[in-house]
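Trainee: My file is model.csv. It has CSV, C-alpha atoms and all ligand atoms:
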chain,number,residue,atom,x,y,z
A,14,MET,CA,0.0,0.0,0.0
A,15,LYS,CA,1.3,3.4,-0.9
A,16,ILE,CA,-0.2,6.4,0.9
A,17,GLU,CA,0.7,9.9,-0.2
A,18,PHE,CA,1.1,12.6,2.4
A,19,TYR,CA,-1.7,14.6,0.9
A,20,ARG,CA,-4.2,14.1,-1.9
A,21,HIS,CA,-6.4,17.0,-3.0
A,22,ASN,CA,-10.1,16.5,-3.0
A,23,LEU,CA,-11.1,18.4,-6.2
A,24,SER,CA,-14.5,17.2,-7.5
A,25,ASP,CA,-15.9,17.3,-11.0
A,26,LYS,CA,-17.9,20.3,-9.9
A,27,ASP,CA,-14.7,22.2,-9.1
A,28,LYS,CA,-13.2,21.2,-12.4
A,29,ASP,CA,-16.4,22.2,-14.3
A,30,GLU,CA,-16.3,25.6,-12.6
A,31,VAL,CA,-12.8,26.1,-13.9
A,32,ARG,CA,-14.0,25.2,-17.4
A,33,LYS,CA,-16.6,28.0,-17.1
A,34,VAL,CA,-13.8,30.5,-16.4
A,35,LEU,CA,-11.7,29.1,-19.3
A,36,ASP,CA,-14.7,29.5,-21.7
A,37,GLY,CA,-15.2,33.1,-20.5
A,38,LEU,CA,-13.2,36.3,-20.9
A,39,PHE,CA,-11.5,37.1,-17.7
A,40,LEU,CA,-8.9,34.7,-16.5
A,41,THR,CA,-7.6,37.2,-14.0
A,42,THR,CA,-9.4,38.7,-11.0
A,43,GLY,CA,-13.1,38.9,-11.6
A,44,GLU,CA,-16.5,37.6,-10.7
A,45,TRP,CA,-15.3,34.2,-9.4
A,46,THR,CA,-12.9,36.0,-7.1
A,47,LYS,CA,-15.7,38.1,-5.7
A,48,THR,CA,-18.0,35.1,-5.3
A,49,PHE,CA,-15.2,33.3,-3.4
A,50,GLU,CA,-14.5,36.3,-1.2
A,51,ASP,CA,-18.2,36.7,-0.3
A,52,LYS,CA,-18.4,33.0,0.7
A,53,LEU,CA,-15.2,33.2,2.7
A,54,ALA,CA,-16.3,36.3,4.6
A,55,ALA,CA,-19.7,34.8,5.3
A,56,TYR,CA,-18.2,31.5,6.5
A,57,LEU,CA,-15.9,33.4,8.9
A,58,ASN,CA,-18.3,36.1,9.9
A,59,ALA,CA,-15.9,38.7,8.7
A,60,SER,CA,-17.0,42.0,7.2
A,61,TYR,CA,-14.6,41.6,4.2
A,62,ALA,CA,-12.4,39.1,2.5
A,63,VAL,CA,-9.7,39.8,-0.1
A,64,GLY,CA,-8.5,37.0,-2.4
A,65,LEU,CA,-4.7,36.9,-3.0
A,66,SER,CA,-2.1,34.7,-4.7
A,67,SER,CA,-0.7,33.3,-1.5
A,68,GLY,CA,-0.9,33.2,2.3
A,69,THR,CA,2.6,34.8,2.4
A,70,ASN,CA,1.2,37.8,0.5
A,71,ALA,CA,-1.7,38.0,2.9
A,72,LEU,CA,0.7,38.3,5.9
A,73,GLU,CA,2.9,40.9,4.0
A,74,LEU,CA,-0.1,43.0,3.0
A,75,CYS,CA,-1.4,43.2,6.5
A,76,LEU,CA,2.0,44.3,7.8
A,77,HIS,CA,2.3,46.9,5.1
A,78,TYR,CA,-1.2,48.2,5.8
A,79,TYR,CA,-0.2,48.9,9.3
A,80,GLY,CA,2.9,50.7,8.1
A,81,ILE,CA,5.2,48.2,9.7
A,82,GLY,CA,8.8,48.4,8.4
A,83,PRO,CA,12.4,49.0,9.3
A,84,GLY,CA,13.0,49.7,13.0
A,85,ASP,CA,9.7,48.0,14.0
A,86,GLU,CA,9.3,44.7,15.8
A,87,VAL,CA,6.6,42.0,15.4
A,88,ILE,CA,6.1,39.3,18.1
A,89,THR,CA,5.7,35.9,16.6
A,90,THR,CA,6.4,32.2,17.1
A,91,PRO,CA,9.4,30.2,15.9
A,92,MET,CA,7.2,27.1,15.5
A,93,SER,CA,5.6,27.7,12.1
A,94,PHE,CA,6.2,27.5,8.4
A,95,ILE,CA,9.1,30.0,7.6
A,96,ALA,CA,6.6,32.2,5.7
A,97,THR,CA,5.4,33.7,9.0
A,98,ALA,CA,8.7,35.1,10.0
A,99,ASN,CA,9.8,35.8,6.4
A,100,ALA,CA,6.8,38.1,5.9
A,101,ILE,CA,8.0,40.2,8.8
A,102,GLU,CA,11.6,40.2,7.4
A,103,ALA,CA,10.3,41.1,3.9
A,104,CYS,CA,8.8,44.3,5.3
A,105,GLY,CA,12.1,45.2,6.9
A,106,ALA,CA,10.8,44.7,10.4
A,107,LYS,CA,12.3,42.3,13.0
A,108,PRO,CA,10.5,39.1,14.1
A,109,VAL,CA,10.8,38.8,17.8
A,110,PHE,CA,10.3,35.2,18.8
A,111,VAL,CA,8.5,34.0,21.8
A,112,ASP,CA,8.7,30.3,22.9
A,113,VAL,CA,5.7,28.0,22.5
A,114,GLU,CA,3.7,26.0,25.0
A,115,ALA,CA,5.2,22.6,25.5
A,116,SER,CA,1.7,21.1,25.5
A,117,THR,CA,0.3,22.5,22.3
A,118,GLY,CA,3.1,24.1,20.2
A,119,ASN,CA,1.2,27.4,20.1
A,120,ILE,CA,2.8,30.7,21.1
A,121,ASP,CA,2.9,31.0,24.9
A,122,ALA,CA,0.6,34.0,25.6
A,123,GLU,CA,2.1,34.3,29.0
A,124,LEU,CA,5.5,35.2,27.6
A,125,ILE,CA,4.4,37.8,25.1
A,126,ALA,CA,4.1,40.8,27.5
A,127,GLY,CA,7.7,40.4,28.4
A,128,LYS,CA,8.8,40.8,24.8
A,129,ILE,CA,6.8,44.0,24.1
A,130,SER,CA,9.0,47.0,23.6
A,131,GLU,CA,8.6,50.6,22.3
A,132,ARG,CA,9.2,49.2,18.8
A,133,THR,CA,6.6,46.5,18.9
A,134,LYS,CA,3.9,47.2,16.4
A,135,ALA,CA,2.0,43.9,16.1
A,136,ILE,CA,1.6,40.3,17.4
A,137,LEU,CA,1.5,37.6,14.8
A,138,PRO,CA,0.2,34.3,16.3
A,139,VAL,CA,-0.1,31.1,14.3
A,140,HIS,CA,-2.9,28.7,15.1
A,141,LEU,CA,-0.7,25.6,14.9
A,142,TYR,CA,-2.1,22.4,13.4
A,143,GLY,CA,-5.6,23.8,13.5
A,144,GLN,CA,-5.9,24.6,17.2
A,145,MET,CA,-6.3,28.3,18.0
A,146,CYS,CA,-3.9,30.2,20.3
A,147,ASP,CA,-5.2,31.7,23.5
A,148,MET,CA,-6.7,34.7,21.6
A,149,LYS,CA,-8.6,36.0,24.7
A,150,ARG,CA,-5.3,36.6,26.3
A,151,ILE,CA,-3.4,37.7,23.3
A,152,ASN,CA,-6.1,40.2,22.3
A,153,ALA,CA,-6.1,41.6,25.9
A,154,ILE,CA,-2.3,42.1,25.8
A,155,ALA,CA,-2.5,43.8,22.3
A,156,GLN,CA,-5.2,46.1,23.5
A,157,LYS,CA,-3.3,47.1,26.6
A,158,HIS,CA,-0.1,47.9,24.7
A,159,ASN,CA,-1.9,49.3,21.7
A,160,VAL,CA,-0.5,46.9,19.1
A,161,LYS,CA,-2.2,45.2,16.2
A,162,VAL,CA,-2.9,41.4,15.9
A,163,ILE,CA,-2.6,39.6,12.6
A,164,GLU,CA,-3.6,35.9,12.9
A,165,ASP,CA,-1.8,33.4,10.7
A,166,SER,CA,-4.7,31.1,10.1
A,167,ALA,CA,-3.2,29.1,7.3
A,168,HIS,CA,-4.1,26.0,9.4
A,169,CYS,CA,-7.6,26.8,10.2
A,170,LEU,CA,-10.8,28.1,8.7
A,171,GLU,CA,-12.9,26.1,11.1
A,172,SER,CA,-11.8,26.8,14.6
A,173,GLU,CA,-13.0,28.6,17.7
A,174,ARG,CA,-11.7,28.9,21.2
A,175,ASP,CA,-13.4,30.2,24.4
A,176,GLY,CA,-16.1,31.4,22.1
A,177,VAL,CA,-13.7,33.5,20.1
A,178,PRO,CA,-13.8,32.8,16.4
A,179,ILE,CA,-10.9,33.1,13.9
A,180,GLY,CA,-10.1,36.7,13.0
A,181,ALA,CA,-12.6,38.3,15.5
A,182,ALA,CA,-12.7,42.1,15.2
A,183,PRO,CA,-10.5,44.1,15.2
A,184,ASN,CA,-8.0,41.5,14.1
A,185,MET,CA,-7.0,40.6,10.6
A,186,ALA,CA,-6.7,36.9,9.7
A,187,CYS,CA,-4.5,35.4,6.9
A,188,PHE,CA,-5.3,32.2,5.0
A,189,SER,CA,-3.5,30.0,2.5
A,190,PHE,CA,-4.9,27.8,-0.2
A,191,TYR,CA,-1.6,26.2,-1.0
A,192,ALA,CA,-1.5,22.7,-2.4
A,193,THR,CA,-1.7,20.9,0.9
A,194,LYS,CA,-4.1,23.1,2.8
A,195,SER,CA,-7.7,21.9,3.7
A,196,ILE,CA,-9.2,23.7,0.7
A,197,THR,CA,-6.8,24.5,-2.1
A,198,SER,CA,-6.3,26.2,-5.5
A,199,GLY,CA,-2.7,25.0,-5.7
A,200,GLU,CA,-1.5,28.5,-4.7
A,201,GLY,CA,-3.7,31.1,-3.2
A,202,GLY,CA,-4.4,33.2,-0.1
A,203,ALA,CA,-6.8,35.6,1.5
A,204,ILE,CA,-7.2,38.2,4.2
A,205,THR,CA,-10.3,38.8,6.3
A,206,CYS,CA,-10.8,42.0,8.1
A,207,HIS,CA,-13.6,44.2,9.6
A,208,ASP,CA,-12.4,47.6,8.5
A,209,LYS,CA,-13.7,49.2,5.4
A,210,GLU,CA,-10.6,51.4,4.9
A,211,ALA,CA,-8.3,48.4,5.2
A,212,TYR,CA,-10.5,46.4,2.7
A,213,ALA,CA,-10.3,49.3,0.2
A,214,TRP,CA,-6.5,49.5,0.6
A,215,PHE,CA,-6.1,45.7,0.2
A,216,ILE,CA,-8.1,45.7,-3.0
A,217,LYS,CA,-5.8,48.3,-4.5
A,218,ALA,CA,-2.6,47.0,-2.9
A,219,ARG,CA,-2.9,43.6,-4.5
A,220,MET,CA,-2.9,45.3,-7.9
A,221,HIS,CA,0.0,47.8,-7.8
A,222,GLY,CA,-2.0,50.4,-6.0
A,223,MET,CA,-4.2,50.9,-9.1
A,224,SER,CA,-7.6,52.5,-8.7
A,225,ALA,CA,-9.5,50.1,-11.0
A,226,ASP,CA,-9.0,46.4,-11.9
A,227,ALA,CA,-9.1,44.9,-15.4
A,228,ALA,CA,-12.7,43.9,-15.2
A,229,ASP,CA,-13.7,47.4,-14.2
A,230,ARG,CA,-11.6,49.0,-16.9
A,231,TYR,CA,-12.9,46.8,-19.8
A,232,SER,CA,-16.4,45.7,-19.0
A,233,LYS,CA,-17.8,49.1,-18.6
A,234,LEU,CA,-17.0,52.3,-20.5
A,235,TYR,CA,-13.2,52.6,-20.6
A,236,LYS,CA,-12.0,54.3,-17.4
A,237,HIS,CA,-8.5,55.6,-17.0
A,238,TYR,CA,-6.8,54.3,-13.9
A,239,ASP,CA,-4.7,56.1,-11.4
A,240,MET,CA,-2.0,54.8,-9.1
A,241,GLU,CA,-2.4,56.1,-5.6
A,242,PHE,CA,0.4,54.4,-3.9
A,243,LEU,CA,3.1,51.7,-4.6
A,244,GLY,CA,1.3,48.5,-4.2
A,245,PHE,CA,2.1,44.8,-4.9
A,246,LYS,CA,1.0,42.2,-7.5
A,247,CYS,CA,-0.7,39.4,-5.7
A,248,ASN,CA,-4.4,39.3,-6.7
A,249,MET,CA,-6.3,36.0,-6.8
A,250,ASN,CA,-7.3,35.1,-10.3
A,251,ASN,CA,-10.7,33.7,-11.5
A,252,ILE,CA,-9.2,30.2,-12.2
A,253,ALA,CA,-8.0,29.8,-8.6
A,254,ALA,CA,-11.2,31.3,-7.2
A,255,ALA,CA,-13.3,28.9,-9.4
A,256,LEU,CA,-11.5,25.9,-7.8
A,257,LEU,CA,-12.3,27.2,-4.4
A,258,VAL,CA,-16.0,28.3,-4.6
A,259,HIS,CA,-17.5,24.8,-4.3
A,260,GLN,CA,-14.8,23.6,-1.8
A,261,MET,CA,-16.1,26.3,0.5
A,262,ASP,CA,-19.5,24.4,0.7
A,263,SER,CA,-17.6,21.2,1.7
A,264,ILE,CA,-15.5,22.7,4.5
A,265,ASP,CA,-17.5,21.2,7.2
A,266,THR,CA,-17.9,17.8,5.5
A,267,PHE,CA,-14.1,17.6,5.0
A,268,LEU,CA,-13.6,18.7,8.6
A,269,GLU,CA,-15.8,15.9,10.0
A,270,LYS,CA,-13.8,13.3,8.0
A,271,ARG,CA,-10.6,14.6,9.4
A,272,ARG,CA,-12.0,14.6,12.9
A,273,ILE,CA,-13.0,11.0,12.6
A,274,ILE,CA,-9.5,10.0,11.4
A,275,THR,CA,-7.9,12.1,14.1
A,276,GLU,CA,-10.0,10.2,16.7
A,277,LYS,CA,-8.9,6.9,15.4
A,278,TYR,CA,-5.2,8.0,15.5
A,279,ASN,CA,-5.6,9.4,19.0
A,280,LYS,CA,-7.2,6.2,20.3
A,281,ALA,CA,-4.4,4.1,18.9
A,282,PHE,CA,-1.4,6.3,19.6
A,283,SER,CA,-2.3,7.4,23.1
A,284,GLN,CA,-1.4,3.9,24.2
A,285,ILE,CA,2.1,4.0,22.8
A,286,LYS,CA,4.6,5.1,25.4
A,287,ASP,CA,7.1,6.7,23.0
A,288,ILE,CA,4.5,8.9,21.4
A,289,ARG,CA,3.3,12.2,22.8
A,290,LEU,CA,0.3,14.0,21.3
A,291,PRO,CA,-0.3,17.8,21.2
A,292,ALA,CA,-2.8,18.6,23.9
A,293,VAL,CA,-6.3,19.6,23.1
A,294,VAL,CA,-7.2,22.6,25.1
A,295,ASP,CA,-10.6,22.9,26.9
A,296,GLY,CA,-13.0,25.2,25.1
A,297,SER,CA,-11.2,24.8,21.8
A,298,LYS,CA,-12.7,23.5,18.6
A,299,SER,CA,-9.9,22.3,16.3
A,300,ALA,CA,-9.7,22.5,12.5
A,301,TYR,CA,-7.8,19.2,12.5
A,302,HIS,CA,-5.5,20.5,9.8
A,303,LEU,CA,-2.4,18.5,10.6
A,304,TYR,CA,-1.9,15.3,12.6
A,305,THR,CA,1.4,15.4,14.3
A,306,ILE,CA,3.0,13.1,16.8
A,307,TRP,CA,6.0,13.9,19.0
A,308,VAL,CA,8.6,11.1,19.4
A,309,ASP,CA,12.1,10.7,20.9
A,310,PRO,CA,14.2,13.4,19.1
A,311,ASN,CA,17.1,11.0,18.9
A,312,LYS,CA,14.9,8.6,16.9
A,313,ARG,CA,12.8,11.0,14.9
A,314,ASP,CA,14.6,10.8,11.6
A,315,GLU,CA,14.9,7.0,11.8
A,316,TYR,CA,11.2,6.8,12.3
A,317,LEU,CA,10.5,9.2,9.5
A,318,HIS,CA,12.6,7.0,7.1
A,319,ALA,CA,11.0,3.8,8.4
A,320,LEU,CA,7.5,5.3,7.7
A,321,GLN,CA,8.7,6.3,4.2
A,322,ASP,CA,10.0,2.8,3.7
A,323,ALA,CA,6.5,1.6,4.5
A,324,GLU,CA,5.3,3.9,1.7
A,325,ILE,CA,3.6,6.3,4.1
A,326,GLY,CA,4.0,10.0,3.2
A,327,VAL,CA,5.2,12.0,6.1
A,328,ALA,CA,6.2,15.6,6.8
A,329,VAL,CA,7.9,17.7,9.5
A,330,ASN,CA,5.8,20.6,10.8
A,331,TYR,CA,8.1,22.3,11.6
A,332,ARG,CA,11.8,22.6,12.4
A,333,SER,CA,12.4,25.7,14.5
A,334,ILE,CA,12.6,28.9,12.4
A,335,HIS,CA,15.2,30.5,14.6
A,336,LEU,CA,17.6,27.7,13.9
A,337,MET,CA,17.4,28.1,10.1
A,338,SER,CA,20.7,29.4,8.8
A,339,TYR,CA,19.4,32.8,7.7
A,340,TYR,CA,17.9,33.6,11.1
A,341,ARG,CA,20.8,32.0,13.0
A,342,ASN,CA,23.3,34.1,11.1
A,343,LYS,CA,21.3,37.4,11.1
A,344,TYR,CA,20.2,37.3,14.8
A,345,GLU,CA,22.8,35.0,16.3
A,346,TYR,CA,20.3,32.5,17.7
A,347,VAL,CA,21.6,29.4,19.3
A,348,ARG,CA,20.1,26.1,20.4
A,349,GLY,CA,18.6,26.6,23.8
A,350,ASP,CA,17.0,30.0,23.0
A,351,PHE,CA,13.5,28.5,22.7
A,352,PRO,CA,13.6,25.1,24.2
A,353,ASN,CA,9.9,24.1,23.8
A,354,CYS,CA,10.0,25.0,20.2
A,355,GLU,CA,13.2,23.1,19.6
A,356,PHE,CA,11.9,20.0,21.3
A,357,ILE,CA,8.9,20.0,18.9
A,358,GLY,CA,11.1,20.8,15.9
A,359,ASP,CA,13.3,17.7,16.8
A,360,ALA,CA,10.4,15.4,17.8
A,361,THR,CA,7.7,16.0,15.3
A,362,ILE,CA,6.3,13.7,12.6
A,363,THR,CA,3.2,14.6,10.6
A,364,LEU,CA,1.1,11.7,9.3
A,365,PRO,CA,-1.4,11.8,6.4
A,366,LEU,CA,-4.7,13.5,7.3
A,367,TYR,CA,-7.2,14.2,4.6
A,368,PRO,CA,-10.8,13.3,3.7
A,369,GLN,CA,-9.9,10.8,0.9
A,370,LEU,CA,-8.0,8.5,3.3
A,371,THR,CA,-9.8,5.2,3.3
A,372,ASP,CA,-10.5,3.1,6.5
A,373,ALA,CA,-8.0,0.6,5.2
A,374,GLU,CA,-5.3,3.2,4.7
A,375,VAL,CA,-5.9,4.7,8.2
A,376,GLU,CA,-5.6,1.2,9.6
A,377,TYR,CA,-2.4,0.5,7.7
A,378,ILE,CA,-0.9,3.8,9.0
A,379,ILE,CA,-1.8,2.9,12.6
A,380,GLN,CA,-0.4,-0.6,12.3
A,381,SER,CA,2.8,0.7,10.7
A,382,VAL,CA,3.3,3.4,13.3
A,383,LYS,CA,2.7,0.8,16.1
A,384,GLU,CA,5.4,-1.5,14.5
A,385,ILE,CA,7.9,1.2,14.0
A,386,ILE,CA,7.5,3.2,17.2
A,387,LYS,CA,7.0,0.6,19.9
A,401,LIG,C1,1.1,27.4,4.3
A,401,LIG,C2,1.5,28.4,5.4
A,401,LIG,C3,1.8,29.7,5.1
A,401,LIG,C4,2.1,30.3,3.7
A,401,LIG,O1,1.1,30.1,2.8
A,401,LIG,P1,1.5,30.2,1.3
A,401,LIG,O2,0.1,30.2,0.6
A,401,LIG,O3,2.2,29.0,0.9
A,401,LIG,O4,2.2,31.4,1.0
A,401,LIG,C5,2.0,30.6,6.2
A,401,LIG,N1,1.9,30.2,7.4
A,401,LIG,C6,1.6,28.9,7.7
A,401,LIG,C7,1.5,28.5,9.2
A,401,LIG,C8,1.4,28.0,6.7
A,401,LIG,O5,1.2,26.7,7.0
The structure given in the file should be rewritten as structure tokens.

Mentor:
Amino acid sequence: MKIEFYRHNLSDKDKDEVRKVLDGLFLTTGEWTKTFEDKLAAYLNASYAVGLSSGTNALELCLHYYGIGPGDEVITTPMSFIATANAIEACGAKPVFVDVEASTGNIDAELIAGKISERTKAILPVHLYGQMCDMKRINAIAQKHNVKVIEDSAHCLESERDGVPIGAAPNMACFSFYATKSITSGEGGAITCHDKEAYAWFIKARMHGMSADAADRYSKLYKHYDMEFLGFKCNMNNIAAALLVHQMDSIDTFLEKRRIITEKYNKAFSQIKDIRLPAVVDGSKSAYHLYTIWVDPNKRDEYLHALQDAEIGVAVNYRSIHLMSYYRNKYEYVRGDFPNCEFIGDATITLPLYPQLTDAEVEYIIQSVKEIIK
């Protein structure tokens, strides 16, 4: 049996929708983009959604909107995909890392206040694996110190914690529709926000700072465009949006399938002494995006290879960002700076988790893990 790490779930309906775009006029941003944005905003109870070409762009645009740049600091986690910290670097600001909770891998809200300085402009938490950070606490700290909160929600559309949903006002939330995310267009991203001015800025900023997009310019009477500020080029096109519009309707069905697989894994793996599982926090509703186990760091790579030999696709989410050469060299980080993060970075193995996994495949993964990690 060969089990890929991830298999997308695109249906004939999704493919037919793309065909409609291809048979039409506008391949770039247009009516499909808008339909997708409306669905996303409605699903998340946000006032606005803006479709982009990646989750990384989403993070960068939010930081730029707040005018964050050289001399500024943004507090974030070293336990994430590198995009999170890279977006801060790309703006010229400094990512200030805070260690994570040993139990969940999420940024430790208790440590954030100690890292706030005069230069801190924002907090950028990541809802790791699909379980939200302690947003009640993080929002309170942000409010007290008058800093912005941008949520990296690449791992969850579907979560909630202590009654707080993803991207609750006044926060912005950033999403990714990269190839292995829960809904995908291969590449894609979005921001949700609650502020009309921010929304208007994002719509222009994703298209060079132009005052009208192609559909506006050509479908009505020709209108000259102006360029109000130096923007970017990261608009979501109609093809990507067409792939996403029907997946939006299946989010909860996909989620339920991942939940059931997660429960099977949990039941089997909680009995294995050498496996630790990320804790599920009370009052938290997970998006079940990634299924990760934590094993003996000295044996992690050996287990990874053994699972690969058994033809099970695996991943590492993630190795610590502060120990990547770029960050080590630039900021002189060393091992020991963020011990909880480093443990996870050395111990983590992610197993396949997606709706198309069959019962037999899940059973095979469980049996293989049991044989390899005794
Ligand atoms: C996937 C991901 C991103 C980046 O998204 P892209 O669409 O690939 O740019 C950012 N943060 C996290 C936590 C991610 O998993």

Trainee: Per residue of chain A within 6 Å of ligand LIG 401 (chain A), what are the shortest atom pair and its distance in Å to one decimal, counting all atoms listed in the file, with rows by chain and residue number, as a tab-separated table?

Mentor:
residue	atom	partner	partner_atom	distance
A:Ser67	CA	A:LIG401	O2	3.8
A:Gly68	CA	A:LIG401	O2	3.6
A:Thr69	CA	A:LIG401	O4	3.7
A:Ser93	CA	A:LIG401	C7	5.1
A:Phe94	CA	A:LIG401	C6	4.9
A:Ala96	CA	A:LIG401	C5	4.9
A:Thr97	CA	A:LIG401	N1	5.2
A:Val139	CA	A:LIG401	C7	5.9
A:Asp165	CA	A:LIG401	N1	5.9
A:Ala167	CA	A:LIG401	C8	4.8
A:His168	CA	A:LIG401	O5	5.9
A:Ser189	CA	A:LIG401	O2	4.1
A:Phe190	CA	A:LIG401	O2	5.6
A:Tyr191	CA	A:LIG401	O2	4.6
A:Glu200	CA	A:LIG401	O2	5.8
A:Gly201	CA	A:LIG401	O2	5.4
A:Gly202	CA	A:LIG401	O2	5.5

Trainee: Counting all atoms listed in the file, what is within 12 Å of Ser224 in chain A, bar same-chain residues fewer than 6 positions away, as a ChimeraX atom specification?

Mentor: /A:213-218,230,236-244

Trainee: Considering only C-alpha atoms, return as a PyMOL selection string whatever protein or nucleic-acid residues lie within 10 Å of Ile154 in chain A, sequence-local ones (same chain, fewer than 6 positions apart) excluded.

Mentor: chain A and resi 122-123+125-126+129+136+148+160+162

Trainee: Residues within 7 Å of range 249-256 of chain A, please, as a PDB file with C-alpha atoms, keeping the file's coordinate frame. Count only C-alpha atoms; anything in the same chain fewer than 2 positions from it doesn't count.

Mentor:
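The result, stored in out-v2.pdb:
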ATOM      1  CA  ASP A  27     -14.700  22.200  -9.100  1.00  0.00           C
ATOM      2  CA  LYS A  28     -13.200  21.200 -12.400  1.00  0.00           C
ATOM      3  CA  GLU A  30     -16.300  25.600 -12.600  1.00  0.00           C
ATOM      4  CA  VAL A  31     -12.800  26.100 -13.900  1.00  0.00           C
ATOM      5  CA  VAL A  34     -13.800  30.500 -16.400  1.00  0.00           C
ATOM      6  CA  LEU A  40      -8.900  34.700 -16.500  1.00  0.00           C
ATOM      7  CA  THR A  41      -7.600  37.200 -14.000  1.00  0.00           C
ATOM      8  CA  THR A  42      -9.400  38.700 -11.000  1.00  0.00           C
ATOM      9  CA  GLY A  43     -13.100  38.900 -11.600  1.00  0.00           C
ATOM     10  CA  TRP A  45     -15.300  34.200  -9.400  1.00  0.00           C
ATOM     11  CA  THR A  46     -12.900  36.000  -7.100  1.00  0.00           C
ATOM     12  CA  PHE A  49     -15.200  33.300  -3.400  1.00  0.00           C
ATOM     13  CA  GLY A  64      -8.500  37.000  -2.400  1.00  0.00           C
ATOM     14  CA  LEU A  65      -4.700  36.900  -3.000  1.00  0.00           C
ATOM     15  CA  SER A  66      -2.100  34.700  -4.700  1.00  0.00           C
ATOM     16  CA  SER A 198      -6.300  26.200  -5.500  1.00  0.00           C
ATOM     17  CA  GLY A 201      -3.700  31.100  -3.200  1.00  0.00           C
ATOM     18  CA  CYS A 247      -0.700  39.400  -5.700  1.00  0.00           C
ATOM     19  CA  VAL A 258     -16.000  28.300  -4.600  1.00  0.00           C
TER      20      VAL A 258
END

Trainee: With distances taken over all atoms listed in the file, which residue among A:Thr133, A:Thr48, A:Ser172, A:Asn342 lies nearest Gly296 in chain A?

Mentor: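 With all atoms listed in the file as the atom set, the closest residue is A:Ser172.
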
Trainee: Would you please work out which residue, of A:Ile306, A:Val347, A:Leu53, A:Val113, is nearest to Ala186 in chain A when using all atoms listed in the file?

Mentor: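 When distances to Ala186 in chain A are compared using all atoms listed in the file, the smallest one comes from A:Leu53.
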
Trainee: Please determine, counting all atoms listed in the file, which residue among A:Asp85, A:Glu324, A:Glu131, A:Asp350 has the shortest atom-to-atom distance to Phe110 in chain A.

Mentor: A:Asp350

Trainee: For Ser263 in chain A, find every residue with an atom within 12 Å (counting all atoms listed in the file), except residues of its own chain fewer than 2 positions away, and show them as an mmCIF file with C-alpha atoms, in the coordinates of the input.

Mentor:
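The resulting out13.cif:
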data_model
loop_
_atom_site.group_PDB
_atom_site.id
_atom_site.type_symbol
_atom_site.label_atom_id
_atom_site.label_comp_id
_atom_site.auth_asym_id
_atom_site.auth_seq_id
_atom_site.Cartn_x
_atom_site.Cartn_y
_atom_site.Cartn_z
ATOM 1 C CA ASN A 22 -10.100 16.500 -3.000
ATOM 2 C CA LEU A 23 -11.100 18.400 -6.200
ATOM 3 C CA SER A 24 -14.500 17.200 -7.500
ATOM 4 C CA LYS A 26 -17.900 20.300 -9.900
ATOM 5 C CA ASP A 27 -14.700 22.200 -9.100
ATOM 6 C CA LYS A 52 -18.400 33.000 0.700
ATOM 7 C CA TYR A 56 -18.200 31.500 6.500
ATOM 8 C CA LEU A 170 -10.800 28.100 8.700
ATOM 9 C CA GLU A 171 -12.900 26.100 11.100
ATOM 10 C CA SER A 195 -7.700 21.900 3.700
ATOM 11 C CA ILE A 196 -9.200 23.700 0.700
ATOM 12 C CA THR A 197 -6.800 24.500 -2.100
ATOM 13 C CA LEU A 257 -12.300 27.200 -4.400
ATOM 14 C CA VAL A 258 -16.000 28.300 -4.600
ATOM 15 C CA HIS A 259 -17.500 24.800 -4.300
ATOM 16 C CA GLN A 260 -14.800 23.600 -1.800
ATOM 17 C CA MET A 261 -16.100 26.300 0.500
ATOM 18 C CA ASP A 265 -17.500 21.200 7.200
ATOM 19 C CA THR A 266 -17.900 17.800 5.500
ATOM 20 C CA PHE A 267 -14.100 17.600 5.000
ATOM 21 C CA LEU A 268 -13.600 18.700 8.600
ATOM 22 C CA GLU A 269 -15.800 15.900 10.000
ATOM 23 C CA LYS A 270 -13.800 13.300 8.000
ATOM 24 C CA PRO A 368 -10.800 13.300 3.700
#

Trainee: Which residues, written as an NGL selection string, have at least one atom at most 10 Å from Tyr377 in chain A, with all atoms listed in the file counted and residues fewer than 2 positions away on the same chain left out?

Mentor: :A and (14-16 or 323 or 325 or 371-375 or 379-383)

Trainee: For a test of reading the model, state the distance in Å between CA of His158 in chain A and CA of Pro138 in chain A, rounded to one decimal.

Mentor: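 The value is 16.0 Å.
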
Trainee: In Å to one decimal, how far is CA of Arg174 in chain A from CA of Gln369 in chain A?

Mentor: 27.3 Å

Trainee: Could you please determine the separation between CA of Pro83 in chain A and CA of Leu137 in chain A in Å, to one decimal place?

Mentor: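 Computed distance, CA of Pro83 in chain A to CA of Leu137 in chain A, equals 16.7 Å.
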
Trainee: Which of these residues is nearest to Ile101 in chain A, using only C-alpha atoms: A:Met145, A:Ala55, A:Ile151, A:Ile163?

Mentor: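 Ranking A:Met145, A:Ala55, A:Ile151, A:Ile163 by distance to Ile101 in chain A, first place goes to A:Ile163.
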
Trainee: Which residue is closest to Thr193 in chain A? Choose from A:Ile334, A:Ile362, A:Ala281, A:Leu303 and count all atoms listed in the file.

Mentor: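 Among A:Ile334, A:Ile362, A:Ala281, A:Leu303, it is A:Leu303 that comes nearest to Thr193 in chain A.
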
Trainee: Between A:Asp147, A:His221, A:Ile386, A:Ile273, which one has atoms that come closest to Gly176 in chain A, using all atoms listed in the file?

Mentor: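 With all atoms listed in the file as the atom set, the closest residue is A:Asp147.
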
Trainee: Up to 6 Å from (-8.6, 34.1, 4.8) in the file's coordinates: name the residues, counting all atoms listed in the file, as a list in words.

Mentor: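 Returned residue set, sorted by chain then number, is Ala186, Cys187, Phe188, Ala203, Ile204 and Thr205 of chain A.
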